[in-house]
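Have a look at the structure below before the remarks.
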Amino acid sequence: MEEKKKASAIVNDPKKVFGRSPDQHILNVVKESCQEAFNLPSFNTTLQTIKSHFFDRNYDAVFQNPEHLPVYSARYAPSRALCYYHLFMEHPVLMKTLEGPSTILCIGSGAGSELVGISAAMVHANPAVKVKKAKKVATKTVKDEAEEMAKHDTKDTNGATDDTTATTTLGMETLTVSTESTQNPASPTTASETTPAPAAPETKTKTKKAKVNKHKVTIVMQDYVDWSPILRPMEAVVRSRMLLGPERLQCETEVGNVLDLSDGLLERVAKADLITFMFVLNELFQDKKRTMLLVAKIVAAMPSGAHMLVVDSAGSFSNLKVGERTYMVYMLLDHLKSLEIVYQDDATWYRCPPSLTYPLKLENMRHFVRIYKKL
Ligand SMILES: C[S@@+](CC[C@H](N)C(=O)[O-])C[C@H]1O[C@@H](n2cnc3c(N)ncnc32)[C@H](O)[C@@H]1O
């Protein structure tokens with residue numbers, strides 16, 4: 001009986017959680033979280049302002065104005081959350097991370113798309129069932145991923161890495177960075193927070209802490225803007241609508257410019273099982289030099305066996321000009337010797353099913369996908 005209770009605290013029944021349509025349920029979660037934004041009389045004008053800043057690629061103007069944030073989330077988080085949910089579901093190597101215990105560090109994730117999409121995928125990640133059995137997708141690449149995962153199941157999570165140098169060559173530009181040379185004292189611009197778990201399905205089991213934590217997934221939402229007025233209510237809705245209690249999901253936020261490369265960030269990287277860059281890398285590449293350094297430092301700090309997931313626009317927004325030549329941003333990562341490409345797709349669509357309902361038109365997303373493993 002006690003065992004049963006314990007199991008039900010960490011194992012969700014997707015049908016019970018989602019009802020008939022996981023996609024619609026995900027949209028309902030975003031809608032409920034963003035209700036205040038929809039009530040804003042200035043919603044449409046703010047959205048137009050955001051769009052015009054995007055058109056000018058003035059990302060700071062989009063995100064550094066707190067009034068933009070709720071509107072941004074309401075408009076962009078729903079289709080992204082759906083896209084990320086399906087992305088995780090398609091890749092056993094990502095689903096494996098969701099069985100826990102694990103830490104997922106999401107760079108530039110304040111808007112909440114990662115929180116909702118990954119949490120929804122967690123509902124399917126039954127810690128008691130082997131991922132191989134749970135997956136039905138049979139594309140060759142995904143099968144390869146599962147094999148790769150099985151081979152490397154005994155991951156070194158010590159956080160230590162002897163790979164202190166990351167080198168990449170792109171055209172005429174060569175970048176060689178040693179992690180030892182730029183270890184700074186902790187950046188004063190970085191702030192971390194572990195949110196106390198809001199009302200959520202609770203377990204009364206007196207299981208030992210170590211056992212309870214066995215399936216805990218920690219999602220660290222890193223961003224250079226304080227999105228807590230959006231993330232806090234969103235986390236509460238996620239917990240209650242997806243039945244994810246604190247024994248299963250821990251949410252943390254980290255505020256700071258990722259390009260500052262604080263010690264705190266690199267410590268987070270060294271402990272992460274998965275690092276995500278979802279629709280943020282091409283923005284960061286506005287500052288090419290610092291972003292190349294960031295990439296090299298992050299890759300060097302990743303523990304061996306950890307994964308990196310990169311998703312971004314498959315169009316010209318992800319172009320990277322080096323000298324006279326133009327590359328896609330993922331090409332920089334593809335060339336790194338200490339990263340193995342586990343999955344790659346240079347252009348794919350996530351199309352929102354027309355049957356779904358949401359207060360705004362949902363956007364189909366053409367994007368590239370890369371999953372890397374640190375060697
Ligand atoms: C286009 S949004 C993508 C948001 C989210 N990843 C998603 O998929 O919906 C880019 C995000 O990156 C954040 N960001 C931009 N530059 C950053 C930086 N230098 N350091 C940390 N976060 C940054 C922004 O605040 C914003 O939340």
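Labels for the structure tokens follow display order: chains A, B, ..., residues from 1 in each chain, ligands from 1.
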
Exercise for the section: For ligand 1, collect every residue having any atom at a distance of at most 8 Å from a ligand atom (counting only C-alpha atoms and all ligand atoms); output as a ChimeraX atom specification. Expected result: /A:59-60,63-64,73,76-77,80-81,106-114,222-225,227,255-260,277-280,283-284

Problem - Given only C-alpha atoms as the counted atoms, nearest of A:Leu243, A:Ala306, A:Leu332, A:Met234 to Leu281 in chain A - result: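 Ranking A:Leu243, A:Ala306, A:Leu332, A:Met234 by distance to Leu281 in chain A, first place goes to A:Leu332.
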
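Here CA of His91 in chain A is placed at a distance of 15.8 Å from CA of Glu340 in chain A.
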
Practice task
Record the distance separating CA of His367 in chain A and CA of Val29 in chain A, expressed in Å with one decimal.
Solution key: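 Answer for the CA of His367 in chain A to CA of Val29 in chain A separation: 23.6 Å.
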
Handout entry: Residue nearest Phe55 in chain A among A:Phe317, A:Val322, A:Val30, A:Tyr330 (counting only C-alpha atoms)
Key = A:Phe317

Practice task
To one decimal in Å, tell me the separation between CA of Lys289 in chain A and CA of Ile341 in chain A.
Solution key: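 Going from CA of Lys289 in chain A over to CA of Ile341 in chain A, I get 23.4 Å.
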
Problem - For range 119-126 of chain A: contacts at 10 Å, only C-alpha atoms, fewer than 2 positions along chain excluded, given as a ChimeraX atom specification - result: /A:10-15,17-18,22-23,25-26,29,81-82,84-90,92,94-100,113-117,128-131,134,215,217,219,235,238-239,241-244,248-249

Using the selection just defined, write its residues with C-alpha atoms as a compact mmCIF listing (two decimals), in the first residue's frame.
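part.txt was written with the following content:
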```txt
# COMPACT_ATOMS: atom_id res chain seq x y z
CA ILE A 10 6.04 10.18 -8.99
CA VAL A 11 4.28 8.31 -11.79
CA ASN A 12 1.63 10.15 -13.76
CA ASP A 13 -1.03 8.66 -15.93
CA PRO A 14 -0.95 10.81 -19.09
CA LYS A 15 -4.62 10.07 -19.85
CA VAL A 17 -3.54 14.39 -16.69
CA PHE A 18 -4.22 15.37 -20.29
CA PRO A 22 -2.30 16.66 -24.55
CA ASP A 23 -1.84 19.51 -27.05
CA HIS A 25 -4.21 20.69 -22.36
CA ILE A 26 -0.80 22.34 -22.87
CA VAL A 29 -2.09 25.64 -19.19
CA ALA A 81 5.69 24.79 -25.60
CA LEU A 82 3.88 22.45 -27.99
CA TYR A 84 9.26 21.41 -27.30
CA TYR A 85 6.81 18.88 -25.87
CA HIS A 86 6.75 16.95 -29.15
CA LEU A 87 10.49 17.30 -29.57
CA PHE A 88 11.14 15.66 -26.20
CA MET A 89 8.58 12.96 -26.91
CA GLU A 90 10.31 12.08 -30.18
CA PRO A 92 14.47 8.85 -26.21
CA LEU A 94 15.72 13.57 -24.04
CA MET A 95 12.96 11.51 -22.42
CA LYS A 96 15.58 9.58 -20.48
CA THR A 97 16.61 12.87 -18.83
CA LEU A 98 13.03 13.33 -17.66
CA GLU A 99 12.99 10.10 -15.67
CA GLY A 100 15.27 11.80 -13.16
CA SER A 113 7.86 27.73 -23.09
CA GLU A 114 10.50 25.30 -21.81
CA LEU A 115 8.80 24.99 -18.41
CA VAL A 116 5.46 24.04 -19.95
CA GLY A 117 6.78 21.89 -22.81
CA ALA A 128 9.54 2.94 -13.61
CA VAL A 129 9.33 2.03 -17.29
CA LYS A 130 12.33 1.73 -19.55
CA VAL A 131 12.26 4.41 -22.23
CA ALA A 134 7.75 3.49 -24.01
CA HIS A 215 13.09 10.84 -9.80
CA VAL A 217 13.93 16.69 -12.34
CA ILE A 219 14.60 22.71 -14.39
CA GLU A 235 4.78 27.05 -12.32
CA VAL A 238 1.89 23.52 -14.37
CA ARG A 239 2.09 21.77 -11.01
CA ARG A 241 -2.68 20.80 -14.07
CA MET A 242 0.09 18.32 -14.76
CA LEU A 243 0.14 16.80 -11.28
CA LEU A 244 3.84 17.39 -10.78
CA ARG A 248 9.12 15.10 -9.14
CA LEU A 249 9.73 18.65 -10.37
```
